[in-house]
>>> print(open('target05.cif').read())   # mmCIF, N, CA and C atoms
data_work
#
loop_
_atom_site.label_atom_id
_atom_site.label_comp_id
_atom_site.auth_asym_id
_atom_site.auth_seq_id
_atom_site.Cartn_x
_atom_site.Cartn_y
_atom_site.Cartn_z
N MET A 1 0.84 -1.18 0.00
CA MET A 1 0.00 0.00 0.00
C MET A 1 0.88 1.24 0.00
N LEU A 2 0.54 2.17 -0.84
CA LEU A 2 1.28 3.41 -0.94
C LEU A 2 0.88 4.34 0.20
N GLN A 3 1.89 4.84 0.91
CA GLN A 3 1.65 5.77 2.00
C GLN A 3 2.67 6.90 1.91
N GLY A 4 2.34 8.01 2.51
CA GLY A 4 3.26 9.13 2.54
C GLY A 4 2.96 10.13 1.44
N LYS A 5 3.85 11.07 1.31
CA LYS A 5 3.69 12.12 0.30
C LYS A 5 4.35 11.71 -1.00
N GLY A 6 3.73 12.12 -2.09
CA GLY A 6 4.30 11.86 -3.40
C GLY A 6 4.18 13.08 -4.29
N LEU A 7 4.97 13.09 -5.32
CA LEU A 7 4.94 14.17 -6.30
C LEU A 7 4.66 13.57 -7.67
N TRP A 8 3.80 14.24 -8.44
CA TRP A 8 3.47 13.81 -9.80
C TRP A 8 4.45 14.43 -10.77
N ALA A 9 4.81 13.68 -11.81
CA ALA A 9 5.64 14.22 -12.89
C ALA A 9 5.19 13.60 -14.21
N TYR A 10 5.29 14.40 -15.23
CA TYR A 10 4.84 13.98 -16.55
C TYR A 10 5.98 14.04 -17.56
N ARG A 11 6.86 14.97 -17.39
CA ARG A 11 8.00 15.15 -18.30
C ARG A 11 9.30 15.01 -17.50
N GLU A 12 10.38 14.75 -18.23
CA GLU A 12 11.65 14.51 -17.54
C GLU A 12 12.08 15.71 -16.70
N TRP A 13 11.89 16.93 -17.19
CA TRP A 13 12.29 18.09 -16.39
C TRP A 13 11.45 18.18 -15.12
N GLU A 14 10.19 17.74 -15.18
CA GLU A 14 9.36 17.73 -13.97
C GLU A 14 9.87 16.68 -12.98
N MET A 15 10.35 15.55 -13.51
CA MET A 15 10.90 14.51 -12.65
C MET A 15 12.15 15.02 -11.93
N ARG A 16 13.02 15.70 -12.65
CA ARG A 16 14.22 16.26 -12.02
C ARG A 16 13.85 17.26 -10.93
N ARG A 17 12.86 18.08 -11.21
CA ARG A 17 12.41 19.05 -10.20
C ARG A 17 11.78 18.33 -9.01
N ALA A 18 11.01 17.28 -9.26
CA ALA A 18 10.39 16.51 -8.18
C ALA A 18 11.46 15.86 -7.30
N ILE A 19 12.52 15.34 -7.92
CA ILE A 19 13.62 14.77 -7.13
C ILE A 19 14.25 15.84 -6.25
N TRP A 20 14.41 17.04 -6.77
CA TRP A 20 14.96 18.14 -5.99
C TRP A 20 14.01 18.53 -4.85
N MET A 21 12.70 18.55 -5.14
CA MET A 21 11.71 18.98 -4.15
C MET A 21 11.42 17.93 -3.08
N ALA A 22 11.58 16.67 -3.40
CA ALA A 22 11.16 15.59 -2.50
C ALA A 22 11.71 15.72 -1.08
N PRO A 23 13.01 15.87 -0.88
CA PRO A 23 13.50 15.98 0.50
C PRO A 23 13.03 17.25 1.21
N ARG A 24 12.75 18.27 0.45
CA ARG A 24 12.30 19.54 1.03
C ARG A 24 10.84 19.50 1.45
N THR A 25 10.09 18.56 0.87
CA THR A 25 8.65 18.46 1.18
C THR A 25 8.31 17.19 1.96
N GLY A 26 9.30 16.33 2.18
CA GLY A 26 9.04 15.08 2.88
C GLY A 26 8.42 14.01 2.00
N ALA A 27 8.52 14.17 0.69
CA ALA A 27 7.95 13.18 -0.23
C ALA A 27 8.81 11.92 -0.24
N THR A 28 8.15 10.78 -0.39
CA THR A 28 8.84 9.49 -0.41
C THR A 28 8.78 8.82 -1.78
N HIS A 29 7.92 9.32 -2.65
CA HIS A 29 7.76 8.67 -3.96
C HIS A 29 7.44 9.70 -5.04
N ILE A 30 7.73 9.30 -6.26
CA ILE A 30 7.40 10.12 -7.42
C ILE A 30 6.52 9.28 -8.35
N LEU A 31 5.41 9.87 -8.75
CA LEU A 31 4.47 9.23 -9.67
C LEU A 31 4.76 9.79 -11.06
N TYR A 32 5.22 8.94 -11.96
CA TYR A 32 5.66 9.40 -13.28
C TYR A 32 4.79 8.81 -14.38
N LYS A 33 4.37 9.63 -15.31
CA LYS A 33 3.53 9.16 -16.42
C LYS A 33 4.38 8.35 -17.39
N VAL A 34 4.01 7.07 -17.56
CA VAL A 34 4.78 6.17 -18.41
C VAL A 34 4.12 5.89 -19.75
N GLY A 35 2.86 6.27 -19.89
CA GLY A 35 2.19 6.01 -21.16
C GLY A 35 0.78 6.56 -21.16
N GLN A 36 0.13 6.31 -22.28
CA GLN A 36 -1.28 6.67 -22.41
C GLN A 36 -1.93 5.64 -23.31
N GLY A 37 -3.02 5.06 -22.81
CA GLY A 37 -3.66 4.01 -23.58
C GLY A 37 -2.68 2.87 -23.81
N SER A 38 -2.55 2.45 -25.05
CA SER A 38 -1.66 1.33 -25.37
C SER A 38 -0.22 1.77 -25.65
N SER A 39 0.08 3.05 -25.54
CA SER A 39 1.42 3.56 -25.83
C SER A 39 2.26 3.64 -24.56
N TYR A 40 3.44 3.01 -24.62
CA TYR A 40 4.40 3.08 -23.53
C TYR A 40 5.54 3.99 -23.99
N TYR A 41 5.89 4.95 -23.18
CA TYR A 41 6.89 5.94 -23.57
C TYR A 41 8.31 5.38 -23.50
N ASP A 42 9.17 5.86 -24.38
CA ASP A 42 10.58 5.47 -24.39
C ASP A 42 11.29 6.06 -23.17
N GLY A 43 12.35 5.38 -22.75
CA GLY A 43 13.21 5.90 -21.69
C GLY A 43 12.72 5.70 -20.27
N MET A 44 11.71 4.87 -20.09
CA MET A 44 11.12 4.73 -18.75
C MET A 44 12.03 3.98 -17.77
N SER A 45 12.85 3.08 -18.27
CA SER A 45 13.79 2.39 -17.38
C SER A 45 14.75 3.39 -16.74
N GLU A 46 15.25 4.32 -17.54
CA GLU A 46 16.16 5.34 -17.02
C GLU A 46 15.46 6.26 -16.03
N ILE A 47 14.21 6.58 -16.29
CA ILE A 47 13.44 7.42 -15.37
C ILE A 47 13.29 6.72 -14.03
N ALA A 48 12.87 5.45 -14.06
CA ALA A 48 12.69 4.68 -12.81
C ALA A 48 14.01 4.60 -12.05
N GLN A 49 15.11 4.38 -12.76
CA GLN A 49 16.42 4.30 -12.11
C GLN A 49 16.80 5.63 -11.47
N SER A 50 16.55 6.73 -12.17
CA SER A 50 16.88 8.05 -11.62
C SER A 50 16.12 8.32 -10.33
N ILE A 51 14.86 7.96 -10.33
CA ILE A 51 14.03 8.17 -9.13
C ILE A 51 14.55 7.30 -7.98
N ALA A 52 14.82 6.03 -8.27
CA ALA A 52 15.29 5.11 -7.23
C ALA A 52 16.67 5.53 -6.71
N GLN A 53 17.55 5.97 -7.61
CA GLN A 53 18.89 6.39 -7.19
C GLN A 53 18.85 7.62 -6.29
N ALA A 54 17.77 8.37 -6.37
CA ALA A 54 17.59 9.53 -5.49
C ALA A 54 17.02 9.13 -4.14
N GLY A 55 16.82 7.81 -3.94
CA GLY A 55 16.29 7.32 -2.67
C GLY A 55 14.78 7.41 -2.57
N LEU A 56 14.11 7.52 -3.71
CA LEU A 56 12.65 7.64 -3.74
C LEU A 56 12.04 6.42 -4.41
N ILE A 57 10.77 6.21 -4.18
CA ILE A 57 10.07 5.07 -4.76
C ILE A 57 9.45 5.50 -6.09
N PRO A 58 9.83 4.83 -7.19
CA PRO A 58 9.23 5.17 -8.47
C PRO A 58 7.88 4.48 -8.67
N PHE A 59 6.85 5.27 -8.89
CA PHE A 59 5.51 4.76 -9.19
C PHE A 59 5.14 5.22 -10.59
N ALA A 60 4.51 4.35 -11.34
CA ALA A 60 4.08 4.67 -12.70
C ALA A 60 2.60 5.07 -12.70
N TRP A 61 2.23 5.90 -13.67
CA TRP A 61 0.81 6.19 -13.88
C TRP A 61 0.57 6.39 -15.36
N MET A 62 -0.68 6.18 -15.75
CA MET A 62 -1.08 6.36 -17.15
C MET A 62 -2.57 6.64 -17.23
N TYR A 63 -2.97 7.27 -18.33
CA TYR A 63 -4.39 7.40 -18.62
C TYR A 63 -4.87 6.08 -19.18
N LEU A 64 -5.87 5.52 -18.55
CA LEU A 64 -6.47 4.28 -19.02
C LEU A 64 -7.61 4.65 -19.96
N LEU A 65 -7.53 4.17 -21.20
CA LEU A 65 -8.53 4.51 -22.21
C LEU A 65 -9.49 3.37 -22.49
N LEU A 66 -9.03 2.14 -22.26
CA LEU A 66 -9.82 0.92 -22.51
C LEU A 66 -10.18 0.72 -23.98
N ASP A 67 -9.42 1.32 -24.88
CA ASP A 67 -9.61 1.05 -26.31
C ASP A 67 -9.06 -0.32 -26.67
N ASP A 68 -7.94 -0.68 -26.01
CA ASP A 68 -7.27 -1.96 -26.26
C ASP A 68 -6.75 -2.47 -24.91
N PRO A 69 -7.62 -3.10 -24.11
CA PRO A 69 -7.23 -3.51 -22.76
C PRO A 69 -5.99 -4.40 -22.71
N TRP A 70 -5.82 -5.28 -23.69
CA TRP A 70 -4.65 -6.16 -23.70
C TRP A 70 -3.37 -5.33 -23.83
N ALA A 71 -3.34 -4.40 -24.76
CA ALA A 71 -2.16 -3.56 -24.96
C ALA A 71 -1.92 -2.66 -23.74
N GLU A 72 -2.98 -2.18 -23.12
CA GLU A 72 -2.82 -1.36 -21.91
C GLU A 72 -2.24 -2.19 -20.77
N ALA A 73 -2.62 -3.46 -20.70
CA ALA A 73 -2.04 -4.35 -19.69
C ALA A 73 -0.54 -4.52 -19.92
N GLN A 74 -0.13 -4.55 -21.18
CA GLN A 74 1.30 -4.67 -21.49
C GLN A 74 2.08 -3.43 -21.06
N VAL A 75 1.44 -2.27 -21.07
CA VAL A 75 2.08 -1.05 -20.56
C VAL A 75 2.41 -1.24 -19.08
N VAL A 76 1.48 -1.81 -18.34
CA VAL A 76 1.69 -2.05 -16.91
C VAL A 76 2.85 -3.02 -16.70
N VAL A 77 2.86 -4.11 -17.46
CA VAL A 77 3.93 -5.11 -17.35
C VAL A 77 5.28 -4.46 -17.62
N ARG A 78 5.37 -3.68 -18.67
CA ARG A 78 6.64 -3.03 -19.01
C ARG A 78 7.10 -2.07 -17.92
N ALA A 79 6.17 -1.36 -17.31
CA ALA A 79 6.55 -0.43 -16.24
C ALA A 79 7.18 -1.19 -15.08
N PHE A 80 6.59 -2.31 -14.69
CA PHE A 80 7.18 -3.09 -13.61
C PHE A 80 8.53 -3.67 -14.03
N GLN A 81 8.64 -4.12 -15.26
CA GLN A 81 9.92 -4.64 -15.76
C GLN A 81 10.99 -3.55 -15.75
N ASP A 82 10.59 -2.32 -15.97
CA ASP A 82 11.54 -1.21 -16.01
C ASP A 82 11.90 -0.66 -14.63
N GLY A 83 11.30 -1.20 -13.57
CA GLY A 83 11.71 -0.81 -12.23
C GLY A 83 10.73 0.01 -11.43
N PHE A 84 9.56 0.28 -11.98
CA PHE A 84 8.55 0.98 -11.19
C PHE A 84 7.98 0.02 -10.15
N GLN A 85 7.70 0.54 -8.96
CA GLN A 85 7.28 -0.30 -7.83
C GLN A 85 5.77 -0.40 -7.66
N GLY A 86 5.04 0.37 -8.39
CA GLY A 86 3.58 0.35 -8.32
C GLY A 86 3.01 1.05 -9.53
N PHE A 87 1.69 0.99 -9.64
CA PHE A 87 1.04 1.54 -10.83
C PHE A 87 -0.28 2.18 -10.45
N ILE A 88 -0.53 3.35 -10.99
CA ILE A 88 -1.78 4.07 -10.76
C ILE A 88 -2.47 4.27 -12.10
N PHE A 89 -3.74 3.90 -12.15
CA PHE A 89 -4.54 4.09 -13.36
C PHE A 89 -5.36 5.37 -13.21
N ASP A 90 -5.19 6.28 -14.13
CA ASP A 90 -6.01 7.49 -14.16
C ASP A 90 -7.17 7.19 -15.10
N THR A 91 -8.31 6.87 -14.53
CA THR A 91 -9.49 6.51 -15.32
C THR A 91 -10.40 7.71 -15.41
N GLU A 92 -10.31 8.40 -16.50
CA GLU A 92 -11.14 9.58 -16.72
C GLU A 92 -12.57 9.13 -16.99
N ALA A 93 -13.50 9.62 -16.20
CA ALA A 93 -14.90 9.17 -16.28
C ALA A 93 -15.48 9.35 -17.68
N ASP A 94 -15.19 10.48 -18.30
CA ASP A 94 -15.77 10.72 -19.62
C ASP A 94 -15.22 9.76 -20.67
N ARG A 95 -14.02 9.26 -20.46
CA ARG A 95 -13.38 8.38 -21.43
C ARG A 95 -13.70 6.90 -21.17
N CYS A 96 -13.76 6.50 -19.91
CA CYS A 96 -13.91 5.08 -19.56
C CYS A 96 -15.33 4.66 -19.23
N ARG A 97 -16.21 5.61 -19.10
CA ARG A 97 -17.60 5.28 -18.74
C ARG A 97 -18.13 4.21 -19.69
N ASN A 98 -18.76 3.21 -19.13
CA ASN A 98 -19.39 2.12 -19.87
C ASN A 98 -18.40 1.23 -20.62
N ARG A 99 -17.13 1.30 -20.30
CA ARG A 99 -16.14 0.46 -20.98
C ARG A 99 -15.56 -0.63 -20.08
N PHE A 100 -15.77 -0.55 -18.77
CA PHE A 100 -15.16 -1.52 -17.88
C PHE A 100 -15.67 -2.93 -18.14
N GLU A 101 -16.96 -3.10 -18.28
CA GLU A 101 -17.50 -4.43 -18.54
C GLU A 101 -17.01 -4.96 -19.88
N GLN A 102 -17.01 -4.12 -20.88
CA GLN A 102 -16.53 -4.51 -22.21
C GLN A 102 -15.07 -4.93 -22.15
N ALA A 103 -14.26 -4.27 -21.34
CA ALA A 103 -12.84 -4.58 -21.24
C ALA A 103 -12.57 -5.94 -20.62
N THR A 104 -13.51 -6.48 -19.87
CA THR A 104 -13.31 -7.79 -19.25
C THR A 104 -13.61 -8.93 -20.20
N GLN A 105 -14.16 -8.64 -21.34
CA GLN A 105 -14.54 -9.69 -22.31
C GLN A 105 -13.32 -10.27 -23.00
#
>>> encode(input="target05.cif", output="structure tokens")
Amino acid sequence: MLQGKGLWAYREWEMRRAIWMAPRTGATHILYKVGQGSSYYDGMSEIAQSIAQAGLIPFAWMYLLLDDPWAEAQVVVRAFQDGFQGFIFDTEADRCRNRFEQATQ
């Protein structure tokens, strides 16, 4: 279970700033956007390593679209393979509404 303070980052410069801010704010983890839908972003292994080397817990997050649930599941697998310790799904209501049941098929 994730506990403590965390900082969100979407771009590499935001991640560097979050690493700088973390000890000043008491943050223990950084939540970094690793993809959107079925797309996994390049360079995520290095991002996870940078966060961990700073003594912080790297957590991944992505917008869940449910257009291709199998491919979105592969984004999650890749994030864990690249060193992220957890995963957060940002399920936008307007985008995912009425798609959860369909995604289980």
>>> atom_distance(input="target05.cif", atom1="atom CA of His29 of chain A", atom2="atom CA of Ala79 of chain A")
15.3 Å
>>> resolve_selection(input="target05.cif", expression="the PyMOL selection byres (((chain A and resi 22 and name CA) around 12) and name CA)", output="PyMOL selection string")
chain A and resi 4-9+14-21+23-31+51+54-57
>>> atom_distance(input="target05.cif", atom1="atom N of Phe84 of chain A", atom2="atom N of Ala48 of chain A")
6.5 Å
>>> select_by_dssp(input="target05.cif", residues="chain A", states="helix (DSSP H, G or I)", output="NGL selection string")
:A and (12-25 or 44-53 or 69-81 or 93-96 or 100-103)
>>> atom_distance(input="target05.cif", atom1="atom C of Arg11 of chain A", atom2="atom CA of Arg78 of chain A")
18.3 Å
>>> select_by_dssp(input="target05.cif", residues="segment 42-97 of chain A", states="strand (DSSP E or B)", output="number ranges by chain")
A: 57-63, 86-90
>>> write_last_selection(input="target05.cif", atoms="N, CA and C atoms", output="JSON list (two decimals), in the frame of the given file")
[["chain", "number", "residue", "atom", "x", "y", "z"],
["A", 57, "ILE", "N", 10.77, 6.21, -4.18],
["A", 57, "ILE", "CA", 10.07, 5.07, -4.76],
["A", 57, "ILE", "C", 9.45, 5.50, -6.09],
["A", 58, "PRO", "N", 9.83, 4.83, -7.19],
["A", 58, "PRO", "CA", 9.23, 5.17, -8.47],
["A", 58, "PRO", "C", 7.88, 4.48, -8.67],
["A", 59, "PHE", "N", 6.85, 5.27, -8.89],
["A", 59, "PHE", "CA", 5.51, 4.76, -9.19],
["A", 59, "PHE", "C", 5.14, 5.22, -10.59],
["A", 60, "ALA", "N", 4.51, 4.35, -11.34],
["A", 60, "ALA", "CA", 4.08, 4.67, -12.70],
["A", 60, "ALA", "C", 2.60, 5.07, -12.70],
["A", 61, "TRP", "N", 2.23, 5.90, -13.67],
["A", 61, "TRP", "CA", 0.81, 6.19, -13.88],
["A", 61, "TRP", "C", 0.57, 6.39, -15.36],
["A", 62, "MET", "N", -0.68, 6.18, -15.75],
["A", 62, "MET", "CA", -1.08, 6.36, -17.15],
["A", 62, "MET", "C", -2.57, 6.64, -17.23],
["A", 63, "TYR", "N", -2.97, 7.27, -18.33],
["A", 63, "TYR", "CA", -4.39, 7.40, -18.62],
["A", 63, "TYR", "C", -4.87, 6.08, -19.18],
["A", 86, "GLY", "N", 5.04, 0.37, -8.39],
["A", 86, "GLY", "CA", 3.58, 0.35, -8.32],
["A", 86, "GLY", "C", 3.01, 1.05, -9.53],
["A", 87, "PHE", "N", 1.69, 0.99, -9.64],
["A", 87, "PHE", "CA", 1.04, 1.54, -10.83],
["A", 87, "PHE", "C", -0.28, 2.18, -10.45],
["A", 88, "ILE", "N", -0.53, 3.35, -10.99],
["A", 88, "ILE", "CA", -1.78, 4.07, -10.76],
["A", 88, "ILE", "C", -2.47, 4.27, -12.10],
["A", 89, "PHE", "N", -3.74, 3.90, -12.15],
["A", 89, "PHE", "CA", -4.54, 4.09, -13.36],
["A", 89, "PHE", "C", -5.36, 5.37, -13.21],
["A", 90, "ASP", "N", -5.19, 6.28, -14.13],
["A", 90, "ASP", "CA", -6.01, 7.49, -14.16],
["A", 90, "ASP", "C", -7.17, 7.19, -15.10]]
>>> residues_around(input="target05.cif", residues="Leu64 of chain A", least_positions_apart="3", cutoff="6 Å", atoms="only N, CA and C atoms", output="list in words")
Gly37, Phe89, Asp90, Thr91 and Glu92 of chain A
>>> axis_aligned_box(input="target05.cif", around="segment 47-58 of chain A", padding_each_side="3 Å", output="lines of an AutoDock Vina configuration file")
center_x = 13.4
center_y = 6.9
center_z = -9.4
size_x = 17.0
size_y = 11.2
size_z = 19.7
>>> closest_residue(input="target05.cif", among="A:Gly35, A:Leu2, A:Glu46, A:Tyr63", to="Val77 of chain A", atoms="only C-alpha atoms")
A:Gly35
>>> residues_around(input="target05.cif", residues="Gln74 of chain A", least_positions_apart="4", cutoff="8 Å", atoms="all atoms listed in the file", output="list in words")
Ser38, Ser39, Tyr40, Asp68, Pro69, Trp70, Arg78, Ala79 and Phe80 of chain A
>>> closest_residue(input="target05.cif", among="A:Phe87, A:Gln36, A:Gln3, A:Ser50", to="Leu65 of chain A", atoms="only C-alpha atoms")
A:Gln36
>>> closest_residue(input="target05.cif", among="A:Ala60, A:Met44, A:Val34, A:Met1", to="Asp82 of chain A", atoms="all atoms listed in the file")
A:Met44
>>> decode(input="target05.cif", residues="segment 2-105 of chain A", atoms="C-alpha atoms", output="PDB file, in the first residue's frame")
ATOM      1  CA  LEU A   2       1.278   3.415  -0.943  1.00  0.00           C
ATOM      2  CA  GLN A   3       1.654   5.773   2.002  1.00  0.00           C
ATOM      3  CA  GLY A   4       3.259   9.135   2.538  1.00  0.00           C
ATOM      4  CA  LYS A   5       3.686  12.124   0.304  1.00  0.00           C
ATOM      5  CA  GLY A   6       4.296  11.859  -3.398  1.00  0.00           C
ATOM      6  CA  LEU A   7       4.944  14.171  -6.301  1.00  0.00           C
ATOM      7  CA  TRP A   8       3.467  13.808  -9.797  1.00  0.00           C
ATOM      8  CA  ALA A   9       5.639  14.219 -12.886  1.00  0.00           C
ATOM      9  CA  TYR A  10       4.839  13.981 -16.552  1.00  0.00           C
ATOM     10  CA  ARG A  11       7.996  15.147 -18.297  1.00  0.00           C
ATOM     11  CA  GLU A  12      11.647  14.512 -17.543  1.00  0.00           C
ATOM     12  CA  TRP A  13      12.286  18.093 -16.391  1.00  0.00           C
ATOM     13  CA  GLU A  14       9.361  17.730 -13.966  1.00  0.00           C
ATOM     14  CA  MET A  15      10.899  14.510 -12.645  1.00  0.00           C
ATOM     15  CA  ARG A  16      14.223  16.262 -12.018  1.00  0.00           C
ATOM     16  CA  ARG A  17      12.409  19.048 -10.200  1.00  0.00           C
ATOM     17  CA  ALA A  18      10.391  16.508  -8.176  1.00  0.00           C
ATOM     18  CA  ILE A  19      13.621  14.765  -7.135  1.00  0.00           C
ATOM     19  CA  TRP A  20      14.957  18.143  -5.989  1.00  0.00           C
ATOM     20  CA  MET A  21      11.707  18.983  -4.152  1.00  0.00           C
ATOM     21  CA  ALA A  22      11.161  15.589  -2.496  1.00  0.00           C
ATOM     22  CA  PRO A  23      13.497  15.976   0.499  1.00  0.00           C
ATOM     23  CA  ARG A  24      12.302  19.540   1.029  1.00  0.00           C
ATOM     24  CA  THR A  25       8.653  18.456   1.182  1.00  0.00           C
ATOM     25  CA  GLY A  26       9.044  15.078   2.880  1.00  0.00           C
ATOM     26  CA  ALA A  27       7.953  13.176  -0.231  1.00  0.00           C
ATOM     27  CA  THR A  28       8.836   9.495  -0.414  1.00  0.00           C
ATOM     28  CA  HIS A  29       7.763   8.667  -3.956  1.00  0.00           C
ATOM     29  CA  ILE A  30       7.396  10.117  -7.424  1.00  0.00           C
ATOM     30  CA  LEU A  31       4.474   9.225  -9.672  1.00  0.00           C
ATOM     31  CA  TYR A  32       5.658   9.401 -13.278  1.00  0.00           C
ATOM     32  CA  LYS A  33       3.532   9.165 -16.419  1.00  0.00           C
ATOM     33  CA  VAL A  34       4.784   6.165 -18.411  1.00  0.00           C
ATOM     34  CA  GLY A  35       2.189   6.006 -21.157  1.00  0.00           C
ATOM     35  CA  GLN A  36      -1.282   6.674 -22.413  1.00  0.00           C
ATOM     36  CA  GLY A  37      -3.658   4.006 -23.583  1.00  0.00           C
ATOM     37  CA  SER A  38      -1.659   1.334 -25.369  1.00  0.00           C
ATOM     38  CA  SER A  39       1.422   3.560 -25.832  1.00  0.00           C
ATOM     39  CA  TYR A  40       4.405   3.077 -23.530  1.00  0.00           C
ATOM     40  CA  TYR A  41       6.886   5.938 -23.570  1.00  0.00           C
ATOM     41  CA  ASP A  42      10.579   5.474 -24.386  1.00  0.00           C
ATOM     42  CA  GLY A  43      13.211   5.903 -21.694  1.00  0.00           C
ATOM     43  CA  MET A  44      11.121   4.729 -18.750  1.00  0.00           C
ATOM     44  CA  SER A  45      13.788   2.389 -17.384  1.00  0.00           C
ATOM     45  CA  GLU A  46      16.163   5.339 -17.021  1.00  0.00           C
ATOM     46  CA  ILE A  47      13.437   7.424 -15.374  1.00  0.00           C
ATOM     47  CA  ALA A  48      12.695   4.684 -12.814  1.00  0.00           C
ATOM     48  CA  GLN A  49      16.420   4.303 -12.113  1.00  0.00           C
ATOM     49  CA  SER A  50      16.881   8.052 -11.621  1.00  0.00           C
ATOM     50  CA  ILE A  51      14.033   8.165  -9.132  1.00  0.00           C
ATOM     51  CA  ALA A  52      15.295   5.112  -7.228  1.00  0.00           C
ATOM     52  CA  GLN A  53      18.892   6.393  -7.191  1.00  0.00           C
ATOM     53  CA  ALA A  54      17.595   9.533  -5.491  1.00  0.00           C
ATOM     54  CA  GLY A  55      16.288   7.324  -2.669  1.00  0.00           C
ATOM     55  CA  LEU A  56      12.653   7.642  -3.742  1.00  0.00           C
ATOM     56  CA  ILE A  57      10.066   5.070  -4.757  1.00  0.00           C
ATOM     57  CA  PRO A  58       9.233   5.171  -8.474  1.00  0.00           C
ATOM     58  CA  PHE A  59       5.512   4.756  -9.189  1.00  0.00           C
ATOM     59  CA  ALA A  60       4.076   4.671 -12.701  1.00  0.00           C
ATOM     60  CA  TRP A  61       0.813   6.194 -13.879  1.00  0.00           C
ATOM     61  CA  MET A  62      -1.078   6.363 -17.150  1.00  0.00           C
ATOM     62  CA  TYR A  63      -4.393   7.405 -18.621  1.00  0.00           C
ATOM     63  CA  LEU A  64      -6.473   4.279 -19.017  1.00  0.00           C
ATOM     64  CA  LEU A  65      -8.529   4.511 -22.206  1.00  0.00           C
ATOM     65  CA  LEU A  66      -9.816   0.919 -22.509  1.00  0.00           C
ATOM     66  CA  ASP A  67      -9.614   1.051 -26.305  1.00  0.00           C
ATOM     67  CA  ASP A  68      -7.272  -1.960 -26.257  1.00  0.00           C
ATOM     68  CA  PRO A  69      -7.230  -3.512 -22.757  1.00  0.00           C
ATOM     69  CA  TRP A  70      -4.647  -6.159 -23.697  1.00  0.00           C
ATOM     70  CA  ALA A  71      -2.162  -3.557 -24.957  1.00  0.00           C
ATOM     71  CA  GLU A  72      -2.816  -1.361 -21.914  1.00  0.00           C
ATOM     72  CA  ALA A  73      -2.037  -4.348 -19.688  1.00  0.00           C
ATOM     73  CA  GLN A  74       1.298  -4.672 -21.489  1.00  0.00           C
ATOM     74  CA  VAL A  75       2.079  -1.054 -20.562  1.00  0.00           C
ATOM     75  CA  VAL A  76       1.687  -2.053 -16.911  1.00  0.00           C
ATOM     76  CA  VAL A  77       3.927  -5.110 -17.348  1.00  0.00           C
ATOM     77  CA  ARG A  78       6.643  -3.031 -19.013  1.00  0.00           C
ATOM     78  CA  ALA A  79       6.546  -0.434 -16.244  1.00  0.00           C
ATOM     79  CA  PHE A  80       7.184  -3.091 -13.607  1.00  0.00           C
ATOM     80  CA  GLN A  81       9.921  -4.636 -15.757  1.00  0.00           C
ATOM     81  CA  ASP A  82      11.543  -1.207 -16.005  1.00  0.00           C
ATOM     82  CA  GLY A  83      11.713  -0.810 -12.231  1.00  0.00           C
ATOM     83  CA  PHE A  84       8.550   0.984 -11.191  1.00  0.00           C
ATOM     84  CA  GLN A  85       7.282  -0.299  -7.834  1.00  0.00           C
ATOM     85  CA  GLY A  86       3.585   0.350  -8.319  1.00  0.00           C
ATOM     86  CA  PHE A  87       1.040   1.544 -10.829  1.00  0.00           C
ATOM     87  CA  ILE A  88      -1.784   4.068 -10.759  1.00  0.00           C
ATOM     88  CA  PHE A  89      -4.539   4.093 -13.358  1.00  0.00           C
ATOM     89  CA  ASP A  90      -6.009   7.490 -14.162  1.00  0.00           C
ATOM     90  CA  THR A  91      -9.485   6.507 -15.325  1.00  0.00           C
ATOM     91  CA  GLU A  92     -11.139   9.580 -16.722  1.00  0.00           C
ATOM     92  CA  ALA A  93     -14.898   9.173 -16.285  1.00  0.00           C
ATOM     93  CA  ASP A  94     -15.772  10.717 -19.624  1.00  0.00           C
ATOM     94  CA  ARG A  95     -13.382   8.377 -21.432  1.00  0.00           C
ATOM     95  CA  CYS A  96     -13.907   5.084 -19.558  1.00  0.00           C
ATOM     96  CA  ARG A  97     -17.595   5.277 -18.742  1.00  0.00           C
ATOM     97  CA  ASN A  98     -19.394   2.117 -19.873  1.00  0.00           C
ATOM     98  CA  ARG A  99     -16.142   0.457 -20.977  1.00  0.00           C
ATOM     99  CA  PHE A 100     -15.159  -1.523 -17.875  1.00  0.00           C
ATOM    100  CA  GLU A 101     -17.502  -4.432 -18.540  1.00  0.00           C
ATOM    101  CA  GLN A 102     -16.534  -4.506 -22.206  1.00  0.00           C
ATOM    102  CA  ALA A 103     -12.835  -4.577 -21.241  1.00  0.00           C
ATOM    103  CA  THR A 104     -13.305  -7.786 -19.250  1.00  0.00           C
ATOM    104  CA  GLN A 105     -14.536  -9.688 -22.305  1.00  0.00           C
TER     105      GLN A 105
END
